[in-house]
>>> print(open('final.txt').read())   # compact mmCIF, C-alpha atoms
# COMPACT_ATOMS: atom_id res chain seq x y z
CA MET R 1 20.07 10.90 10.09
CA ALA R 2 17.17 13.16 9.15
CA ALA R 3 14.90 14.37 11.93
CA ARG R 4 11.85 12.20 12.51
CA LYS R 5 8.63 13.91 11.40
CA ILE R 6 5.64 13.97 13.73
CA LEU R 7 2.20 15.15 12.64
CA ILE R 8 0.16 16.90 15.35
CA ILE R 9 -3.59 17.01 14.64
CA ASP R 10 -5.44 19.20 17.15
CA ASP R 11 -7.85 22.12 16.85
CA ASP R 12 -6.21 23.77 19.89
CA ARG R 13 -3.42 25.72 18.21
CA ALA R 14 -1.80 26.79 21.51
CA PHE R 15 -1.60 23.18 22.69
CA SER R 16 -0.18 22.07 19.31
CA LYS R 17 2.56 24.70 19.51
CA THR R 18 3.43 23.54 23.03
CA LEU R 19 3.72 19.96 21.79
CA ARG R 20 5.88 21.12 18.89
CA ASN R 21 8.29 22.89 21.26
CA VAL R 22 8.53 19.83 23.51
CA LEU R 23 9.24 17.57 20.54
CA LYS R 24 11.71 20.04 19.03
CA SER R 25 13.78 19.91 22.23
CA LYS R 26 14.44 16.23 21.44
CA GLY R 27 15.24 16.75 17.77
CA TYR R 28 11.85 15.91 16.25
CA GLU R 29 10.37 17.89 13.37
CA SER R 30 6.68 18.69 13.83
CA ILE R 31 3.90 19.42 11.35
CA ILE R 32 0.70 20.98 12.71
CA ALA R 33 -2.82 20.42 11.38
CA SER R 34 -5.71 22.28 13.04
CA SER R 35 -8.54 19.99 11.88
CA GLY R 36 -9.19 16.36 11.09
CA GLY R 37 -9.50 17.02 7.38
CA GLU R 38 -6.24 18.97 7.26
CA GLY R 39 -4.57 16.21 9.27
CA ILE R 40 -5.60 13.55 6.76
CA GLN R 41 -4.30 15.69 3.90
CA LYS R 42 -0.94 16.32 5.59
CA ALA R 43 -0.55 12.66 6.52
CA TYR R 44 -0.66 11.78 2.82
CA GLU R 45 1.49 14.75 1.84
CA TYR R 46 4.34 14.37 4.32
CA GLY R 47 4.27 10.67 5.27
CA PRO R 48 5.16 11.35 8.94
CA ASP R 49 6.94 8.87 11.19
CA LEU R 50 4.25 9.22 13.87
CA ILE R 51 0.88 10.93 14.37
CA LEU R 52 -0.41 12.61 17.56
CA CYS R 53 -4.14 13.22 17.24
CA ASP R 54 -6.83 14.81 19.38
CA ILE R 55 -10.25 13.11 19.47
CA LYS R 56 -12.80 15.87 20.06
CA MET R 57 -12.71 17.79 16.77
CA ALA R 58 -15.39 18.79 14.27
CA PRO R 59 -16.59 17.93 11.70
CA ILE R 60 -14.07 15.03 11.49
CA ASP R 61 -13.08 13.70 14.90
CA GLY R 62 -9.96 11.75 15.85
CA TYR R 63 -11.62 8.35 15.54
CA GLN R 64 -12.64 9.15 11.96
CA VAL R 65 -9.13 10.39 11.15
CA TYR R 66 -7.69 7.13 12.43
CA ASN R 67 -10.15 4.95 10.47
CA ILE R 68 -9.59 6.87 7.22
CA LEU R 69 -5.79 6.69 7.47
CA LYS R 70 -5.90 2.97 8.27
CA GLU R 71 -7.73 2.35 4.98
CA SER R 72 -4.67 3.32 2.93
CA SER R 73 -1.43 1.41 2.50
CA LEU R 74 0.40 4.76 2.44
CA THR R 75 -0.62 5.66 6.00
CA ARG R 76 -1.96 2.55 7.77
CA ARG R 77 1.40 1.55 9.29
CA ILE R 78 2.24 4.97 10.72
CA PRO R 79 2.26 4.82 14.57
CA PHE R 80 -0.84 6.61 15.87
CA ILE R 81 -1.26 8.05 19.37
CA PHE R 82 -4.49 9.63 20.64
CA VAL R 83 -3.82 12.72 22.74
CA THR R 84 -7.06 13.89 24.33
CA GLY R 85 -8.87 15.26 27.33
CA LYS R 86 -11.30 12.33 27.22
CA SER R 87 -10.37 10.28 30.26
CA GLY R 88 -13.39 8.00 30.46
CA LEU R 89 -12.66 4.28 30.45
CA ASP R 90 -15.01 3.72 27.51
CA GLU R 91 -13.22 6.32 25.38
CA ILE R 92 -9.80 4.87 26.20
CA ARG R 93 -11.00 1.35 25.48
CA LEU R 94 -12.51 2.42 22.13
CA GLY R 95 -9.30 4.14 21.06
CA LEU R 96 -7.19 1.09 21.84
CA GLU R 97 -9.72 -1.34 20.33
CA LEU R 98 -9.51 0.57 17.06
CA GLY R 99 -5.82 -0.30 17.03
CA ALA R 100 -4.15 2.93 18.14
CA ASP R 101 -0.62 2.50 19.50
CA ASP R 102 -1.20 4.56 22.64
CA TYR R 103 -3.68 6.85 24.40
CA LEU R 104 -2.42 9.87 26.38
CA VAL R 105 -4.88 11.80 28.55
CA LYS R 106 -4.41 15.54 29.04
CA PRO R 107 -2.78 16.85 31.10
CA PHE R 108 0.27 14.63 30.95
CA ARG R 109 3.96 14.98 31.74
CA ASN R 110 6.33 15.82 28.90
CA GLU R 111 8.44 12.82 29.83
CA ALA R 112 5.47 10.49 29.33
CA LEU R 113 4.81 11.94 25.88
CA LEU R 114 8.44 11.69 24.80
CA ALA R 115 8.77 8.13 26.10
CA SER R 116 5.67 7.03 24.18
CA VAL R 117 6.84 8.75 21.00
CA ARG R 118 10.32 7.26 21.23
CA THR R 119 9.05 3.73 21.91
CA ARG R 120 6.56 3.77 19.02
CA ILE R 121 9.02 5.19 16.51
CA GLU R 122 11.71 2.67 17.50
CA LYS R 123 9.24 -0.20 17.14
CA TYR R 124 8.06 1.13 13.76
CA GLU R 125 11.63 1.51 12.48
CA TYR R 126 12.48 -2.01 13.63
CA LEU R 127 9.48 -3.48 11.77
CA VAL R 128 10.29 -1.48 8.64
CA SER R 129 13.92 -2.63 8.77
CA LEU R 130 12.81 -6.23 9.28
CA GLY R 131 10.42 -6.03 6.35
CA ARG R 132 13.04 -4.53 4.06
CA SER R 133 15.60 -7.19 4.83
CA LYS R 134 13.00 -9.95 4.46
CA TYR R 135 11.94 -8.88 0.99
CA GLN R 136 15.23 -7.59 -0.38
CA ALA R 137 16.22 -11.10 -1.42
CA PHE R 138 12.98 -11.44 -3.39
CA VAL R 139 13.73 -8.20 -5.23
CA ASP R 140 17.35 -9.15 -5.90
CA TYR R 141 16.59 -12.63 -7.18
CA SER R 142 13.28 -12.03 -8.89
CA PRO R 143 13.23 -13.16 -12.54
CA ASN R 144 11.30 -9.98 -13.35
CA GLY R 145 12.79 -6.53 -13.68
CA ILE R 146 12.12 -4.20 -10.74
CA PHE R 147 13.28 -0.59 -10.75
CA LEU R 148 12.79 2.80 -9.04
CA PHE R 149 12.53 5.82 -11.34
CA ASP R 150 11.04 9.30 -11.72
CA GLY R 151 9.70 8.92 -15.24
CA GLY R 152 13.02 9.82 -16.79
CA THR R 153 15.92 8.66 -14.62
CA ILE R 154 16.32 5.19 -13.12
CA TYR R 155 17.78 5.35 -9.62
CA GLU R 156 17.78 1.70 -8.54
CA SER R 157 17.17 -1.62 -10.24
CA ASN R 158 17.61 -5.33 -9.67
CA ARG R 159 19.80 -7.65 -11.69
CA ALA R 160 16.90 -9.02 -13.70
CA PHE R 161 16.07 -5.58 -15.10
CA SER R 162 19.68 -5.03 -16.09
CA ARG R 163 19.73 -8.44 -17.76
CA ILE R 164 16.48 -7.81 -19.66
CA VAL R 165 17.56 -4.48 -21.15
CA GLY R 166 21.19 -5.54 -21.61
CA ILE R 167 22.75 -2.63 -19.72
CA GLN R 168 25.00 -2.84 -16.68
CA GLU R 169 23.38 -1.61 -13.45
CA ALA R 170 26.00 1.12 -13.02
CA ALA R 171 25.17 2.54 -16.46
CA LEU R 172 21.39 2.54 -16.07
CA THR R 173 21.29 5.90 -14.29
CA ASP R 174 22.81 7.51 -17.39
CA THR R 175 20.25 5.94 -19.74
CA PRO R 176 16.88 7.73 -20.09
CA PHE R 177 13.91 5.49 -19.35
CA SER R 178 12.38 6.45 -22.70
CA ASP R 179 15.42 4.98 -24.48
CA LEU R 180 15.10 1.70 -22.57
CA VAL R 181 11.45 1.09 -23.44
CA GLY R 182 11.55 2.80 -26.83
CA LYS R 183 10.17 6.16 -27.96
CA THR R 184 6.91 4.68 -29.23
CA ASN R 185 6.17 2.84 -26.00
CA PHE R 186 7.11 5.86 -23.91
CA ALA R 187 4.80 8.15 -25.89
CA ARG R 188 1.88 5.82 -25.03
CA ILE R 189 2.54 5.84 -21.29
CA GLU R 190 4.10 9.25 -20.62
CA ASP R 191 0.85 10.90 -19.53
CA ARG R 192 0.03 8.08 -17.09
CA ILE R 193 3.54 8.21 -15.65
CA ASN R 194 3.07 11.91 -14.92
CA GLU R 195 -0.35 11.25 -13.38
CA CYS R 196 1.17 8.63 -11.05
CA MET R 197 3.92 10.99 -10.01
CA ASN R 198 1.40 13.72 -9.19
CA GLY R 199 -0.97 11.46 -7.26
CA LEU R 200 -3.71 11.51 -9.89
CA LEU R 201 -3.40 7.80 -10.74
CA SER R 202 -2.81 4.96 -8.27
CA ASN R 203 -1.19 2.60 -10.80
CA PHE R 204 -1.30 1.40 -14.38
CA GLN R 205 0.00 -1.37 -16.57
CA GLU R 206 0.73 -1.65 -20.27
CA GLU R 207 1.81 -4.37 -22.63
CA ILE R 208 4.92 -3.21 -24.47
CA THR R 209 7.32 -4.65 -27.01
CA ILE R 210 10.99 -3.85 -26.50
CA LEU R 211 14.30 -4.95 -27.95
CA SER R 212 15.77 -7.35 -25.39
CA ALA R 213 19.45 -7.88 -24.62
CA GLN R 214 19.43 -10.76 -27.12
CA GLY R 215 18.40 -8.38 -29.90
CA ILE R 216 14.90 -9.88 -30.14
CA GLN R 217 11.62 -7.99 -30.04
CA GLU R 218 9.88 -9.40 -26.96
CA LYS R 219 6.57 -8.62 -25.25
CA PHE R 220 6.49 -7.53 -21.62
CA VAL R 221 3.93 -6.35 -19.09
CA LEU R 222 5.04 -3.05 -17.56
CA TYR R 223 3.43 -2.26 -14.21
CA VAL R 224 3.98 1.18 -12.62
CA ALA R 225 2.87 2.53 -9.23
CA PRO R 226 3.93 5.34 -6.85
CA SER R 227 6.58 4.18 -4.39
CA ILE R 228 8.11 6.98 -2.34
CA LYS R 229 6.19 10.19 -1.72
CA TYR R 230 7.77 13.38 -0.44
CA ASN R 231 6.15 16.83 -0.35
CA GLY R 232 3.66 15.86 -3.02
CA PHE R 233 6.27 14.36 -5.35
CA SER R 234 6.44 10.63 -5.99
CA LEU R 235 9.14 8.33 -7.23
CA LEU R 236 7.75 5.34 -9.06
CA THR R 237 8.30 1.61 -8.83
CA GLY R 238 8.28 -0.29 -12.10
CA LEU R 239 7.89 -3.99 -12.72
CA LEU R 240 8.85 -5.41 -16.12
CA MET R 241 7.54 -8.95 -16.54
CA PRO R 242 7.94 -11.09 -19.67
CA MET R 243 4.66 -12.16 -21.23
CA ARG R 244 4.21 -15.90 -20.84
CA ARG R 245 2.04 -18.37 -22.69
CA ASN R 246 0.13 -21.37 -21.43
CA GLU R 247 -0.49 -24.59 -23.32
CA LYS R 248 -3.18 -22.91 -25.45
CA GLY R 249 -1.07 -19.86 -26.22
CA GLY R 250 -2.88 -17.48 -23.90
CA HIS R 251 -0.83 -14.71 -22.34
CA VAL R 252 -0.35 -14.91 -18.61
CA ALA R 253 -1.00 -11.48 -17.14
CA PHE R 254 -2.14 -10.22 -13.79
CA GLU R 255 -4.21 -7.18 -14.78
CA GLN R 256 -7.38 -8.58 -13.20
CA LEU R 257 -5.67 -8.97 -9.84
CA VAL R 258 -4.12 -5.52 -10.13
CA THR R 259 -7.62 -4.13 -10.55
CA ILE R 260 -9.30 -5.97 -7.70
CA LEU R 261 -6.42 -5.59 -5.24
CA GLU R 262 -7.18 -1.91 -4.83
CA GLU R 263 -8.70 -3.14 -1.56
CA GLU R 264 -9.14 -0.15 0.73
CA HIS R 265 -7.23 2.11 -1.68
CA ILE R 266 -4.09 -0.03 -1.47
CA SER R 267 -1.43 0.62 -4.10
CA LEU R 268 0.58 -2.53 -4.70
CA SER R 269 4.06 -2.42 -3.20
CA ASP R 270 7.03 -4.45 -4.39
CA PRO R 271 6.50 -7.21 -1.80
CA VAL R 272 2.84 -7.59 -2.77
CA VAL R 273 3.70 -7.73 -6.47
CA LEU R 274 6.33 -10.36 -5.73
CA ARG R 275 3.85 -12.38 -3.70
CA LEU R 276 1.46 -12.34 -6.64
CA GLN R 277 4.27 -13.48 -8.92
CA LYS R 278 4.88 -16.41 -6.59
CA GLU R 279 1.20 -17.36 -6.74
CA PHE R 280 1.23 -17.31 -10.53
CA ASP R 281 4.52 -19.18 -10.78
CA SER R 282 3.20 -21.92 -8.48
CA GLY R 283 1.37 -23.41 -11.45
CA VAL R 284 -2.13 -23.14 -10.00
CA TRP R 285 -2.95 -20.25 -12.31
CA ARG R 286 -2.81 -20.97 -16.02
CA THR R 287 -4.11 -17.64 -17.24
CA ILE R 288 -6.25 -14.68 -16.31
CA SER R 289 -6.86 -13.46 -19.83
CA ARG R 290 -10.40 -12.90 -21.07
CA ASP R 291 -10.25 -16.02 -23.23
CA TYR R 292 -9.46 -18.57 -20.55
CA SER R 293 -10.33 -19.19 -16.92
CA PRO R 294 -8.07 -20.19 -14.03
CA VAL R 295 -7.85 -23.86 -13.23
CA ALA R 296 -10.34 -24.71 -10.48
CA VAL R 297 -9.02 -26.03 -7.21
CA ALA R 298 -11.25 -28.12 -4.98
CA THR R 299 -12.24 -26.49 -1.73
CA GLU R 300 -14.29 -27.52 1.26
CA VAL R 301 -14.65 -24.02 2.69
CA GLU R 302 -18.27 -23.18 3.43
CA LEU R 303 -19.18 -19.50 3.46
CA SER R 304 -22.40 -17.89 4.56
CA SER R 305 -24.38 -15.79 2.11
CA ARG R 306 -23.36 -12.62 3.93
CA GLU R 307 -19.67 -13.64 3.90
CA LEU R 308 -19.92 -14.21 0.15
CA GLU R 309 -21.43 -10.74 -0.28
CA VAL R 310 -18.60 -9.16 1.72
CA LEU R 311 -16.05 -11.19 -0.24
CA LYS R 312 -17.46 -10.16 -3.63
CA LEU R 313 -17.46 -6.47 -2.72
CA SER R 314 -13.93 -6.75 -1.30
CA CYS R 315 -12.78 -8.28 -4.59
CA LYS R 316 -14.20 -5.23 -6.36
CA GLY R 317 -11.85 -3.04 -4.35
CA MET R 318 -14.47 -1.53 -2.04
CA PRO R 319 -13.23 -0.34 1.39
CA ILE R 320 -14.94 -1.36 4.62
CA LYS R 321 -17.05 1.80 4.84
CA SER R 322 -18.43 1.39 1.31
CA ILE R 323 -19.18 -2.30 1.89
CA ALA R 324 -21.08 -1.41 5.05
CA GLU R 325 -23.16 1.17 3.20
CA GLU R 326 -23.83 -1.20 0.30
CA LEU R 327 -25.04 -4.00 2.58
CA CYS R 328 -26.70 -1.71 5.16
CA ILE R 329 -24.62 -3.10 8.02
CA SER R 330 -22.09 -1.58 10.40
CA GLY R 331 -18.39 -1.30 9.67
CA ARG R 332 -17.64 -3.54 12.64
CA THR R 333 -19.93 -6.22 11.21
CA VAL R 334 -18.00 -6.04 7.94
CA GLU R 335 -14.73 -6.40 9.87
CA SER R 336 -16.20 -9.42 11.69
CA HIS R 337 -17.14 -11.11 8.41
CA ARG R 338 -13.71 -10.40 6.96
CA ALA R 339 -12.05 -11.86 10.05
CA SER R 340 -14.20 -14.97 9.60
CA LEU R 341 -13.14 -15.19 5.94
CA MET R 342 -9.49 -15.02 6.92
CA GLU R 343 -9.97 -17.73 9.55
CA LYS R 344 -11.88 -20.08 7.22
CA THR R 345 -9.39 -19.70 4.36
CA GLY R 346 -6.28 -19.74 6.55
CA SER R 347 -5.31 -16.27 5.33
CA ARG R 348 -3.37 -13.59 7.17
CA ASN R 349 -5.05 -10.62 5.49
CA ILE R 350 -7.82 -9.75 3.04
CA ILE R 351 -5.43 -9.82 0.06
CA GLU R 352 -4.70 -13.49 0.74
CA VAL R 353 -8.44 -14.13 1.05
CA ILE R 354 -9.01 -12.62 -2.40
CA ILE R 355 -6.19 -14.67 -3.91
CA TYR R 356 -7.61 -17.80 -2.28
CA ALA R 357 -11.14 -17.05 -3.51
CA LEU R 358 -9.99 -16.51 -7.08
CA LYS R 359 -7.79 -19.58 -7.15
CA ASN R 360 -10.57 -21.75 -5.75
CA ARG R 361 -13.33 -20.10 -7.80
CA LEU R 362 -15.39 -19.25 -4.75
CA ILE R 363 -16.63 -16.19 -6.64
CA GLU R 364 -16.93 -14.93 -10.18
CA ILE R 365 -15.53 -11.51 -11.04
>>> encode(input="final.txt", output="structure tokens")
Amino acid sequence: MAARKILIIDDDRAFSKTLRNVLKSKGYESIIASSGGEGIQKAYEYGPDLILCDIKMAPIDGYQVYNILKESSLTRRIPFIFVTGKSGLDEIRLGLELGADDYLVKPFRNEALLASVRTRIEKYEYLVSLGRSKYQAFVDYSPNGIFLFDGGTIYESNRAFSRIVGIQEAALTDTPFSDLVGKTNFARIEDRINECMNGLLSNFQEEITILSAQGIQEKFVLYVAPSIKYNGFSLLTGLLMPMRRNEKGGHVAFEQLVTILEEEHISLSDPVVLRLQKEFDSGVWRTISRDYSPVAVATEVELSSRELEVLKLSCKGMPIKSIAEELCISGRTVESHRASLMEKTGSRNIIEVIIYALKNRLIEI
């Protein structure tokens, strides 16, 4: 098993090196960042298994580092421990209220540090394992093709993808992706694939026509987004979904949701894409093309004017900080309104709120 990576963010280089030596004695690999800005950059670059972060840094302090990293789906689930000389009760309470996993006050015993690190990493790995097993069945049995590739080679795929392209799963790794989608299609999307791989584009989708396993030219929606990032290089997740028609012949697509679900810089993962598929397949949505509107669903939810404003800006993909600036309110007030929206709509997160709002036509996009 590869060594677990821990990112140390502290402007005290001597202290960081001491932490690195302590962690190395237990088999951990450490990455050091000497400022908040550098720490944010390295968190995205290396995708560590845990972050140890000082609070008193300038110009970006530890609280700001935490809030920024929690706005991205790439870093928000990484265990985060504040390591600081601030021992006041108010500072400790603030750190934990933000959602940090632990708060260690300098000076502390090495055993206390190692115990906290081990506990948080084990909990994180358990949740990741649980999530993978929970959603693996959805990937395996999805009617849409799902695959992992690097722009040229396909490394993994589900049965639906193999069935769509008419090639056995074992043989897919020997078939260039450009051959599967066709040279013409590939020429149209090659530049965007490269941009996704290099972190310059969060996702894209394209309508393509390919020769299916039945020898028929069929239309599909191809959705591509970064999946696994390592040292600045990303593998990509692809979703190949047949175009469907409603009673009036309109194509069912989900490009509008893909656009608005950039909530807090979130790139859609496989589970989220599959959840959206389930919503569309439930029959409530007829179409989200420009020519037709989704079927309205009656709702008795009453929202305040401020909640509606927060909801509209969330649907536009604006993160909490930007919403607060737009409405001239605090970030905590925005979080309070979003919590109220989740409670009123019976949603577990803001993505479900957006789906609910669109299905029930609470807002117009």
>>> closest_atom_pairs(input="final.txt", of="stretch 49-158 of chain R", to="stretch 35-40 of chain R", cutoff="12 Å", atoms="all atoms listed in the file", output="JSON lines")
{"residue": "R:Ile51", "atom": "CA", "partner": "R:Gly39", "partner_atom": "CA", "distance": 9.1}
{"residue": "R:Leu52", "atom": "CA", "partner": "R:Gly39", "partner_atom": "CA", "distance": 9.9}
{"residue": "R:Cys53", "atom": "CA", "partner": "R:Gly39", "partner_atom": "CA", "distance": 8.5}
{"residue": "R:Asp54", "atom": "CA", "partner": "R:Gly36", "partner_atom": "CA", "distance": 8.8}
{"residue": "R:Ile55", "atom": "CA", "partner": "R:Gly36", "partner_atom": "CA", "distance": 9.1}
{"residue": "R:Lys56", "atom": "CA", "partner": "R:Gly36", "partner_atom": "CA", "distance": 9.7}
{"residue": "R:Met57", "atom": "CA", "partner": "R:Ser35", "partner_atom": "CA", "distance": 6.8}
{"residue": "R:Ala58", "atom": "CA", "partner": "R:Ser35", "partner_atom": "CA", "distance": 7.4}
{"residue": "R:Pro59", "atom": "CA", "partner": "R:Gly36", "partner_atom": "CA", "distance": 7.6}
{"residue": "R:Ile60", "atom": "CA", "partner": "R:Gly36", "partner_atom": "CA", "distance": 5.1}
{"residue": "R:Asp61", "atom": "CA", "partner": "R:Gly36", "partner_atom": "CA", "distance": 6.1}
{"residue": "R:Gly62", "atom": "CA", "partner": "R:Gly36", "partner_atom": "CA", "distance": 6.7}
{"residue": "R:Tyr63", "atom": "CA", "partner": "R:Gly36", "partner_atom": "CA", "distance": 9.5}
{"residue": "R:Gln64", "atom": "CA", "partner": "R:Gly36", "partner_atom": "CA", "distance": 8.0}
{"residue": "R:Val65", "atom": "CA", "partner": "R:Gly36", "partner_atom": "CA", "distance": 6.0}
{"residue": "R:Tyr66", "atom": "CA", "partner": "R:Ile40", "partner_atom": "CA", "distance": 8.8}
{"residue": "R:Asn67", "atom": "CA", "partner": "R:Ile40", "partner_atom": "CA", "distance": 10.4}
{"residue": "R:Ile68", "atom": "CA", "partner": "R:Ile40", "partner_atom": "CA", "distance": 7.8}
{"residue": "R:Leu69", "atom": "CA", "partner": "R:Ile40", "partner_atom": "CA", "distance": 6.9}
{"residue": "R:Lys70", "atom": "CA", "partner": "R:Ile40", "partner_atom": "CA", "distance": 10.7}
{"residue": "R:Glu71", "atom": "CA", "partner": "R:Ile40", "partner_atom": "CA", "distance": 11.5}
{"residue": "R:Ser72", "atom": "CA", "partner": "R:Ile40", "partner_atom": "CA", "distance": 11.0}
{"residue": "R:Leu74", "atom": "CA", "partner": "R:Ile40", "partner_atom": "CA", "distance": 11.5}
{"residue": "R:Thr75", "atom": "CA", "partner": "R:Ile40", "partner_atom": "CA", "distance": 9.4}
{"residue": "R:Arg76", "atom": "CA", "partner": "R:Ile40", "partner_atom": "CA", "distance": 11.6}
>>> residues_around(input="final.txt", residues="stretch 13-15 of chain R", least_positions_apart="5", cutoff="9 Å", atoms="only C-alpha atoms", output="count of residues only")
4
>>> atom_distance(input="final.txt", atom1="atom CA of R:Ser305", atom2="atom CA of R:Met318")
17.9 Å
>>> residues_around(input="final.txt", residues="R:Gly151", least_positions_apart="2", cutoff="7 Å", atoms="only C-alpha atoms", output="ChimeraX atom specification")
/R:149,153,177,193
>>> closest_residue(input="final.txt", among="R:Val310, R:Glu302, R:Cys315, R:Ser322", to="R:Lys344", atoms="all atoms listed in the file")
R:Glu302
>>> residues_near_point(input="final.txt", point="(-9.3, -18.2, 5.6)", cutoff="12 Å", atoms="all atoms listed in the file", output="mmCIF file with C-alpha atoms, in the frame of the given file")
data_model
loop_
_atom_site.group_PDB
_atom_site.id
_atom_site.type_symbol
_atom_site.label_atom_id
_atom_site.label_comp_id
_atom_site.auth_asym_id
_atom_site.auth_seq_id
_atom_site.Cartn_x
_atom_site.Cartn_y
_atom_site.Cartn_z
ATOM 1 C CA THR R 299 -12.240 -26.490 -1.730
ATOM 2 C CA GLU R 300 -14.290 -27.520 1.260
ATOM 3 C CA VAL R 301 -14.650 -24.020 2.690
ATOM 4 C CA GLU R 302 -18.270 -23.180 3.430
ATOM 5 C CA LEU R 303 -19.180 -19.500 3.460
ATOM 6 C CA GLU R 307 -19.670 -13.640 3.900
ATOM 7 C CA LEU R 311 -16.050 -11.190 -0.240
ATOM 8 C CA HIS R 337 -17.140 -11.110 8.410
ATOM 9 C CA ARG R 338 -13.710 -10.400 6.960
ATOM 10 C CA ALA R 339 -12.050 -11.860 10.050
ATOM 11 C CA SER R 340 -14.200 -14.970 9.600
ATOM 12 C CA LEU R 341 -13.140 -15.190 5.940
ATOM 13 C CA MET R 342 -9.490 -15.020 6.920
ATOM 14 C CA GLU R 343 -9.970 -17.730 9.550
ATOM 15 C CA LYS R 344 -11.880 -20.080 7.220
ATOM 16 C CA THR R 345 -9.390 -19.700 4.360
ATOM 17 C CA GLY R 346 -6.280 -19.740 6.550
ATOM 18 C CA SER R 347 -5.310 -16.270 5.330
ATOM 19 C CA ARG R 348 -3.370 -13.590 7.170
ATOM 20 C CA ASN R 349 -5.050 -10.620 5.490
ATOM 21 C CA ILE R 350 -7.820 -9.750 3.040
ATOM 22 C CA ILE R 351 -5.430 -9.820 0.060
ATOM 23 C CA GLU R 352 -4.700 -13.490 0.740
ATOM 24 C CA VAL R 353 -8.440 -14.130 1.050
ATOM 25 C CA ILE R 354 -9.010 -12.620 -2.400
ATOM 26 C CA ILE R 355 -6.190 -14.670 -3.910
ATOM 27 C CA TYR R 356 -7.610 -17.800 -2.280
ATOM 28 C CA ALA R 357 -11.140 -17.050 -3.510
ATOM 29 C CA ASN R 360 -10.570 -21.750 -5.750
#
>>> closest_residue(input="final.txt", among="R:Leu240, R:Ile121, R:Leu113, R:Cys328", to="R:Gly145", atoms="only C-alpha atoms")
R:Leu240
>>> closest_residue(input="final.txt", among="R:Lys24, R:Arg188, R:Lys316, R:Lys183", to="R:Ile210", atoms="all atoms listed in the file")
R:Lys183
>>> residues_near_point(input="final.txt", point="(21.5, -10.1, -14.1)", cutoff="12 Å", atoms="only C-alpha atoms", output="MDAnalysis selection string")
chainID R and resid 139:146 157:169 213
>>> atom_distance(input="final.txt", atom1="atom CA of R:Val221", atom2="atom CA of R:Ala171")
23.2 Å
>>> residues_around(input="final.txt", residues="R:Lys106", least_positions_apart="6", cutoff="7 Å", atoms="all atoms listed in the file", output="PyMOL selection string")
chain R and resi 83-85
>>> atom_distance(input="final.txt", atom1="atom CA of R:Val22", atom2="atom CA of R:Asn110")
7.1 Å
>>> residues_around(input="final.txt", residues="R:Ile320", least_positions_apart="3", cutoff="9 Å", atoms="only C-alpha atoms", output="PDB file with C-alpha atoms, in the frame of the given file")
ATOM      1  CA  GLU R  71      -7.730   2.350   4.980  1.00  0.00           C
ATOM      2  CA  GLU R 263      -8.700  -3.140  -1.560  1.00  0.00           C
ATOM      3  CA  GLU R 264      -9.140  -0.150   0.730  1.00  0.00           C
ATOM      4  CA  SER R 314     -13.930  -6.750  -1.300  1.00  0.00           C
ATOM      5  CA  ILE R 323     -19.180  -2.300   1.890  1.00  0.00           C
ATOM      6  CA  ALA R 324     -21.080  -1.410   5.050  1.00  0.00           C
ATOM      7  CA  GLU R 325     -23.160   1.170   3.200  1.00  0.00           C
ATOM      8  CA  GLY R 331     -18.390  -1.300   9.670  1.00  0.00           C
ATOM      9  CA  ARG R 332     -17.640  -3.540  12.640  1.00  0.00           C
ATOM     10  CA  VAL R 334     -18.000  -6.040   7.940  1.00  0.00           C
ATOM     11  CA  GLU R 335     -14.730  -6.400   9.870  1.00  0.00           C
TER      12      GLU R 335
END
>>> build_atoms(input="final.txt", residues="stretch 334-343 of chain R", atoms="N, CA and C atoms", output="PDB file, in the frame of the given file")
ATOM      1  N   VAL R 334     -18.809  -5.714   9.117  1.00  0.00           N
ATOM      2  CA  VAL R 334     -18.000  -6.040   7.940  1.00  0.00           C
ATOM      3  C   VAL R 334     -16.643  -6.598   8.382  1.00  0.00           C
ATOM      4  N   GLU R 335     -16.022  -5.930   9.363  1.00  0.00           N
ATOM      5  CA  GLU R 335     -14.730  -6.400   9.870  1.00  0.00           C
ATOM      6  C   GLU R 335     -14.853  -7.806  10.448  1.00  0.00           C
ATOM      7  N   SER R 336     -15.980  -8.090  11.122  1.00  0.00           N
ATOM      8  CA  SER R 336     -16.200  -9.420  11.690  1.00  0.00           C
ATOM      9  C   SER R 336     -16.295 -10.474  10.605  1.00  0.00           C
ATOM     10  N   HIS R 337     -17.022 -10.164   9.515  1.00  0.00           N
ATOM     11  CA  HIS R 337     -17.140 -11.110   8.410  1.00  0.00           C
ATOM     12  C   HIS R 337     -15.784 -11.335   7.741  1.00  0.00           C
ATOM     13  N   ARG R 338     -15.009 -10.267   7.600  1.00  0.00           N
ATOM     14  CA  ARG R 338     -13.710 -10.400   6.960  1.00  0.00           C
ATOM     15  C   ARG R 338     -12.754 -11.221   7.829  1.00  0.00           C
ATOM     16  N   ALA R 339     -12.862 -11.049   9.146  1.00  0.00           N
ATOM     17  CA  ALA R 339     -12.050 -11.860  10.050  1.00  0.00           C
ATOM     18  C   ALA R 339     -12.436 -13.335   9.929  1.00  0.00           C
ATOM     19  N   SER R 340     -13.734 -13.593   9.775  1.00  0.00           N
ATOM     20  CA  SER R 340     -14.200 -14.970   9.600  1.00  0.00           C
ATOM     21  C   SER R 340     -13.683 -15.555   8.290  1.00  0.00           C
ATOM     22  N   LEU R 341     -13.659 -14.740   7.238  1.00  0.00           N
ATOM     23  CA  LEU R 341     -13.140 -15.190   5.940  1.00  0.00           C
ATOM     24  C   LEU R 341     -11.669 -15.554   6.042  1.00  0.00           C
ATOM     25  N   MET R 342     -10.913 -14.740   6.766  1.00  0.00           N
ATOM     26  CA  MET R 342      -9.490 -15.020   6.920  1.00  0.00           C
ATOM     27  C   MET R 342      -9.273 -16.323   7.702  1.00  0.00           C
ATOM     28  N   GLU R 343     -10.103 -16.521   8.745  1.00  0.00           N
ATOM     29  CA  GLU R 343      -9.970 -17.730   9.550  1.00  0.00           C
ATOM     30  C   GLU R 343     -10.326 -18.975   8.729  1.00  0.00           C
TER      31      GLU R 343
END
